[in-house]
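A.B. asks: Okay, here's the structure, questions in a sec.
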Amino acid sequence: MKAVIMAGGEGTRLRPLTCTLPKPMARLCGRPVLEYILDLLCGAGINEAVITLKYLPDAVISYFDSAPREGMKLEFVVENEPMGTAGGVKNALKDANEDFLVISGDALCDYDLKKAVQFHKSTNADATIVCARADDPREYGLVSANDDGTVTGFIEKPAWAQVTTDCANTGIYIFKPSVLSLIPDEKASDFAKDIFPHMLEKGGKLVAYRAEGYWCDIGDLASYRKCQSDILNGRVRCSLKPVAQGVFTGAKLPSGSYTLVPPVYIGRNVQIESGAVIGPDSVVDDGSLVGRGATVRRSVMLQNSFVSASAKLNEAILCCSASVKRGGQIYEGGVLGQGSVLGTDAVLRQNVLVWPDKKIDSLSSVTENIKFGEGVSASISESEITGEYGVELTPEKCVCLGAAIGSCEFGKRVGISTDGEKTSKVMKLAITAGLMYSGSHVWDFGECFEAQNSFFTSFCGLETGIFISGTQGGASVRLCTNGGLSLPRSAEREIDSRLKRGEFNRCTGDDCRDISDMRSVYMIYKRELCNQATGELYGMSARIESPVEEIKDIVSSALALLGAKDSPQLLFRINSKGTRLSAEYTATGEHIPFEKLLAICCDYELKNGRDVALPCDAPQMISSLATGYGKRAIRYAGTPADTAENEARKLGARQIWSRDALFMCVKLMSIMKDTGKSLHELQDELPGFYIARKYVDIDVSPARISDALKKENSDVSHSEEGVLFNNGNGKILVTPLKNGRALRIIAEAVDSETAQELCALTERQIRLAALDIADNKE
């Protein structure tokens, strides 16, 4: 069997390590990743491989030209244009007439590939996908499969809310040669995104093989260090063997009075001066020097790097020929790029990345990435960045956030607004500066509330909207996309990636766009708010309450303009964001929650022959209503992982009342006027339903909990987010929170007591599953 090794990736998330070498040539304990992969193939009896190259191909070719692999025939194919995983394989194997294996060139594993090949042949599959269990599945393409291995679907790098399996695609595949005919010629295509879904659609046989052993996708700098720690601690079956307890070396250990704390790897021609302490979990590669009294702990020093006297490395990476002068310190996650120099007594703080050939002055304390300017290590999740003003959200970081957004294709035209707080205004100025710096055209909406900002973004046809809110303690930067909905997961990842790498577009002063003052759009919002009513509202009355005076004034004036009177008999309450509405009849104290008001609006739309679009966590009863009317209630995820929900999101963008409490309020008044019924009467026409919510903290993977819930509950329904199931007494939706450390339970039943009981029952299932998973892990 012939193998194809895909080794063309740039490894952008491994920068600055991969600024000067391709990712498959990154060294693990003195050897490139590719060497470990070739060992794996040889162990499986494969002695012929084609290596596909794109980024810095000469580094790979020259390495194997100077050190040929005995017993392994290698062929190199250089792609002039990116062909994708599938296109690259077809380009490498145009005339294959037997089964072949494909393996990623940037992951470390010790699987028995013979067993994978045997499984492939025994199932007579067109394609076998080798899978691994992932503790954090969000960073991987996931494979859904039945118990017999038959693949049923895929999801690419989802948010926690959409993770329903922990079965990760390792990038190792075994194919029949007929699969090559499905790959278009001279065109970029990917197995996971293009070929596999096409094969499923056409009835091809795809199977998933869950391999036993070690696998690690070297996708970022933390996993790069972890792989080497795993090798040193014996977690990976490989050819590297210790010369003493926990001490590995490429040659004879240097002489001297230093201390090695196992496990460690010491390369060839290394110098270690007296008093130095190296380890544990540390690698000192060929030709490096560790000075007198220096400390290297859980760190990687690549070839010819230098750590001077009294310097300290802690969970750090020194790239080839990088130097740390006397007393310099690099903290956890710090990386000093090739040829860069950290000055005397200078400090590289946590997670700071320094690109190649930079010089950092003595006594400096570096807190931001250094590339050609400064960077930031913030992160975005579920369309929002939150933190304390001046700590997690500083003006400097806000400039980088703006530059990251503006550097994305969807950041060319951006709307921005604040809640009017002073801290929000500071952050707005900084984000605006970053946007303009990267060439974005900024549309300034001034001061408003969150729901208004979403409307403005949608109405003006912008790809991105930014709403900034700040209080004395916390601050938030909330993003939305076209239609005023939340960002897709791919957009979040691109912003986050640019922030972490410090990679931003720059424009000249001539190309910098002026800010557009868009405050006139406020009148359009008020006009569209009035248009939610199908006619005048004479004879109707209500009163509005909100912690934001502007919200109260806008709705009150709109109702008055439509002819409604102010009366405390019916009270509408709107939250400070303008996104949630509740109602109360003050005479009786009857409270009508948001979910039932939403159901009333949906019932009205469905009766009038219109489909509705709703978030995944909206009441499930509405779907039953839609079925009864012969219409649809289609749902969309908060952070979609792909384009499958485009129809729902387009419809949701038009139904502003479903996410804007002000629009919902006017619509409800109009429905009451049109039907001649009170909210109480409209509510009574709906099937009875009550909702209970609960949050459960977890310390295991949400994907594992989801798997356990699906196995324990037979009646599981499709959901764009989380796990939805029916236990006979009601429906339960379980979704992870954005940090992955807690689960949200939404139970829906015909009465409040049953809904509470379902919540309690599901909580018990989750806690028992978490205990079982933890026990098995131990």
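Ordered as shown in the structure tokens, chains take letters A, B, and onward, while each chain numbers its residues from 1 and ligands are numbered from 1 in the order shown.
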Mind checking which residues fall within 10 Å of range 269-283 of chain A, counting only C-alpha atoms, ignoring those fewer than 5 positions away in the same chain, and posting them as a PyMOL selection string?
C.D. replies: chain A and resi 28-30+225-226+228-233+246-264+288-317
A.B. asks: Determine which residues of range 151-348 of chain A DSSP labels as strand (DSSP E) from the backbone of this structure, then write them out as a VMD selection string.
C.D. replies: chain A and resid 151 to 156 167 to 175 206 to 210 215 to 217 247 to 249 259 to 260 264 to 266 271 to 272 277 to 278 282 to 284 289 to 290 295 to 297 300 to 301 306 to 307 312 to 314 317 to 318 323 to 324 329 to 330 335 to 336 341 to 342 347 to 348
A.B. asks: Mind giving me the straight-line distance from CA of Arg69 in chain A to CA of Pro177 in chain A in Å, one decimal?
C.D. replies: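 Taking CA of Arg69 in chain A and CA of Pro177 in chain A, their separation equals 26.4 Å.
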A.B. asks: With only C-alpha atoms as the counted atoms, please give the residues lying no more than 12 Å from range 533-539 of chain A, apart from itself and same-chain residues fewer than 3 positions off, as an NGL selection string.
C.D. replies: :A and (527-530 or 542 or 558-567 or 657 or 662-676)
A.B. asks: Of the residues A:Cys42, A:Ala59, A:Cys601, A:Leu614, which is the one nearest to Ala26 in chain A, using only C-alpha atoms?
C.D. replies: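 Under the stated criterion, the closest residue is A:Ala59.
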